[in-house]
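One file, work06.cif, carrying mmCIF, C-alpha atoms:
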data_coords
#
loop_
_atom_site.label_atom_id
_atom_site.label_comp_id
_atom_site.auth_asym_id
_atom_site.auth_seq_id
_atom_site.Cartn_x
_atom_site.Cartn_y
_atom_site.Cartn_z
CA GLU H 1 -12.84 0.51 -12.52
CA ALA H 2 -9.74 -1.73 -12.28
CA VAL H 3 -7.87 0.86 -10.18
CA ILE H 4 -10.91 1.31 -7.94
CA ALA H 5 -11.16 -2.48 -7.56
CA THR H 6 -7.50 -2.52 -6.49
CA VAL H 7 -8.20 0.12 -3.83
CA GLU H 8 -11.36 -1.69 -2.75
CA GLY H 9 -9.53 -4.96 -2.35
CA THR H 10 -11.83 -6.80 -4.72
CA ASP H 11 -8.91 -7.29 -7.13
CA PHE H 12 -5.59 -7.48 -5.30
CA ALA H 13 -4.41 -9.89 -8.02
CA GLU H 14 -4.40 -6.95 -10.43
CA ARG H 15 -2.10 -4.95 -8.12
CA LEU H 16 0.24 -7.93 -7.85
CA ARG H 17 0.31 -8.06 -11.67
CA TRP H 18 1.37 -4.46 -12.35
CA ASP H 19 3.39 -3.68 -9.20
CA PRO H 20 6.56 -5.82 -9.01
CA SER H 21 7.43 -4.35 -5.60
CA CYS H 22 4.21 -5.80 -4.14
CA LEU H 23 5.15 -9.23 -2.78
CA VAL H 24 2.03 -9.99 -0.68
CA LEU H 25 -1.32 -8.24 -0.67
CA LYS H 26 -4.32 -9.99 0.80
CA THR H 27 -7.31 -9.53 3.05
CA LEU H 28 -6.80 -11.49 6.27
CA SER H 29 -10.24 -10.93 7.76
CA LYS H 30 -13.28 -8.68 7.92
CA GLU H 31 -14.22 -6.93 11.15
CA GLY H 32 -17.52 -5.14 10.72
CA ALA H 33 -17.07 -2.50 8.02
CA ASP H 34 -13.27 -2.88 8.14
CA ASP H 35 -10.90 -5.21 6.32
CA VAL H 36 -7.68 -6.39 7.93
CA VAL H 37 -5.02 -6.42 5.20
CA GLN H 38 -1.47 -7.76 4.92
CA TRP H 39 0.83 -5.98 2.46
CA ARG H 40 4.52 -6.77 1.97
CA THR H 41 6.67 -4.65 -0.28
CA ASP H 42 10.08 -5.36 -1.77
CA PHE H 43 12.88 -2.99 -0.80
CA PRO H 44 16.14 -2.79 -2.75
CA TRP H 45 19.19 -4.50 -1.33
CA PRO H 46 20.64 -3.97 1.25
CA LEU H 47 17.38 -2.92 2.92
CA SER H 48 14.89 -5.37 4.36
CA ASP H 49 11.41 -5.81 2.90
CA ARG H 50 8.65 -3.96 4.73
CA GLU H 51 5.34 -5.45 5.80
CA PHE H 52 2.17 -3.68 6.82
CA VAL H 53 -0.80 -5.21 8.64
CA TYR H 54 -3.54 -2.66 8.76
CA ARG H 55 -7.23 -2.01 9.18
CA ARG H 56 -8.92 -0.45 6.14
CA ARG H 57 -12.35 1.05 5.78
CA LEU H 58 -13.66 1.58 2.27
CA GLU H 59 -16.62 3.67 1.19
CA ARG H 60 -17.98 4.40 -2.27
CA ASP H 61 -18.50 8.11 -2.80
CA GLY H 62 -21.53 9.59 -4.57
CA ALA H 63 -19.52 10.22 -7.78
CA GLY H 64 -18.70 6.55 -8.48
CA GLY H 65 -15.32 6.66 -6.80
CA ALA H 66 -13.99 5.07 -3.66
CA VAL H 67 -12.37 6.37 -0.50
CA ALA H 68 -10.14 4.09 1.56
CA VAL H 69 -8.77 4.98 4.99
CA SER H 70 -6.06 2.67 6.34
CA LYS H 71 -4.23 2.57 9.65
CA ALA H 72 -1.60 0.15 10.93
CA ILE H 73 -2.53 -2.36 13.61
CA ARG H 74 0.31 -1.86 16.10
CA SER H 75 -0.03 -5.23 17.79
CA SER H 76 -0.36 -7.34 14.67
CA SER H 77 2.08 -10.19 15.36
CA ASP H 78 -0.79 -12.30 16.73
CA LEU H 79 -2.56 -11.92 13.34
CA VAL H 80 0.49 -12.64 11.17
CA PRO H 81 3.84 -13.68 12.64
CA VAL H 82 6.72 -11.41 11.66
CA GLU H 83 9.08 -13.29 9.36
CA SER H 84 12.82 -13.13 9.88
CA GLY H 85 14.42 -10.47 7.69
CA VAL H 86 11.16 -8.51 7.23
CA ILE H 87 10.44 -5.28 9.08
CA ARG H 88 6.86 -4.82 10.26
CA ILE H 89 5.66 -1.21 9.98
CA ARG H 90 3.60 -0.30 13.04
CA ASP H 91 3.08 3.42 12.36
CA PHE H 92 1.19 3.91 9.09
CA VAL H 93 -1.81 5.97 7.98
CA GLN H 94 -3.19 6.36 4.45
CA TYR H 95 -6.14 8.16 2.93
CA CYS H 96 -6.84 7.41 -0.73
CA HIS H 97 -9.60 8.68 -3.00
CA VAL H 98 -9.95 7.20 -6.51
CA ARG H 99 -12.50 8.38 -9.04
CA ALA H 100 -12.99 7.71 -12.75
CA LEU H 101 -12.77 10.73 -15.03
CA GLU H 102 -16.12 11.73 -16.51
CA ASP H 103 -14.93 11.09 -20.06
CA GLY H 104 -13.76 7.57 -19.15
CA SER H 105 -10.16 8.31 -20.16
CA GLY H 106 -8.64 7.47 -16.78
CA VAL H 107 -8.86 8.11 -13.06
CA THR H 108 -7.87 10.73 -10.54
CA ILE H 109 -6.09 9.58 -7.41
CA ALA H 110 -5.62 11.72 -4.31
CA MET H 111 -3.51 10.16 -1.58
CA LEU H 112 -2.21 11.25 1.78
CA TYR H 113 0.29 8.80 3.20
CA ARG H 114 2.54 8.70 6.24
CA ASN H 115 4.61 5.95 7.79
CA ASN H 116 7.62 5.37 9.96
CA MET H 117 9.90 3.03 7.99
CA GLU H 118 11.46 1.79 11.25
CA ALA H 119 14.96 2.75 10.09
CA SER H 120 17.09 5.66 9.01
CA LEU H 121 17.28 5.61 5.26
CA PRO H 122 20.62 6.47 3.70
CA ALA H 123 20.66 9.49 1.37
CA TRP H 124 21.23 7.24 -1.67
CA VAL H 125 17.96 5.40 -0.95
CA VAL H 126 15.99 8.63 -0.60
CA ASN H 127 17.57 9.95 -3.82
CA TRP H 128 16.88 6.67 -5.65
CA PHE H 129 13.26 6.70 -4.52
CA ALA H 130 12.75 10.34 -5.56
CA SER H 131 14.47 9.99 -8.94
CA LYS H 132 13.64 6.40 -9.95
CA GLY H 133 11.33 4.53 -7.57
CA LEU H 134 8.41 6.95 -7.36
CA PRO H 135 8.38 7.86 -11.09
CA ARG H 136 8.51 4.14 -11.99
CA TYR H 137 5.66 3.33 -9.59
CA LEU H 138 3.53 6.17 -10.99
CA GLY H 139 4.23 4.95 -14.52
CA GLN H 140 3.13 1.44 -13.54
CA LEU H 141 0.01 2.86 -11.95
CA VAL H 142 -0.83 4.81 -15.11
CA GLY H 143 -0.27 1.66 -17.18
CA ALA H 144 -2.58 -0.38 -14.96
#

Same coordinates, now as structure tokens:
Amino acid sequence: EAVIATVEGTDFAERLRWDPSCLVLKTLSKEGADDVVQWRTDFPWPLSDREFVYRRRLERDGAGGAVAVSKAIRSSSDLVPVESGVIRIRDFVQYCHVRALEDGSGVTIAMLYRNNMEASLPAWVVNWFASKGLPRYLGQLVGA
């Protein structure tokens, strides 16, 4: 339920607790069935932090899980000014489905994610992410 609450946005404080790369995560407003969310993530030096401002729609599925669909708001600087040294991501789409396992031992997460990081990433960053960053993040997610 804690992971589902993180996806739902009812417990962003929990995500901030277990994910040290998450610098800012908050709901800015509600627009009908959608939330407008600000998310800033820490990138290793010498890269700049990335920030996403996006619209997210969340639905509970019939099996007790949650489905969240998120898409960047391209013209978001009027909602949140872009800070110096932070790169705003304007091309981002995510589909995430989270569901508790029937035996209560954990959750399943299915995620499709695409973004344009607004920069060419050096090979060492891609290699670091594949060998260290993603496995560490998944370990933190499991521990949450």

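With only C-alpha atoms as the atoms that count, the minimum distance from Ala110 of chain H to the choices H:Tyr95, H:Trp39, H:Trp124, H:Trp18 is reached by H:Tyr95.
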
Next on the checklist: Show me the residues around (4.7, -1.0, -9.9) - criterion: an atom at most 8 Å away, all atoms listed in the file counted - as a PyMOL selection string.
Outcome noted: chain H and resi 18-22+136-141

Item to check | Which residue of H:Ala68, H:Asp91, H:Ser48, H:Gly62 approaches Ala33 of chain H most closely, using all atoms listed in the file | outcome: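 The answer is H:Ala68, which sits nearest to Ala33 of chain H.
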
Item to check | Distance criterion (all atoms listed in the file): nearest to Val126 of chain H out of H:His97, H:Glu51, H:Pro44, H:Ile87 | outcome: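 Of H:His97, H:Glu51, H:Pro44, H:Ile87, the one nearest Val126 of chain H is H:Pro44, counting all atoms listed in the file.
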
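Of the listed residues H:Ser120, H:Asn127, H:Gly65, H:Lys26, the one whose atoms come nearest to Glu102 of chain H is H:Gly65, with distances taken using all atoms listed in the file.
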
Item to check | For atom CA of Ser76 of chain H and atom CA of Ser29 of chain H, the interatomic separation in Å (one decimal) | outcome: 12.6 Å
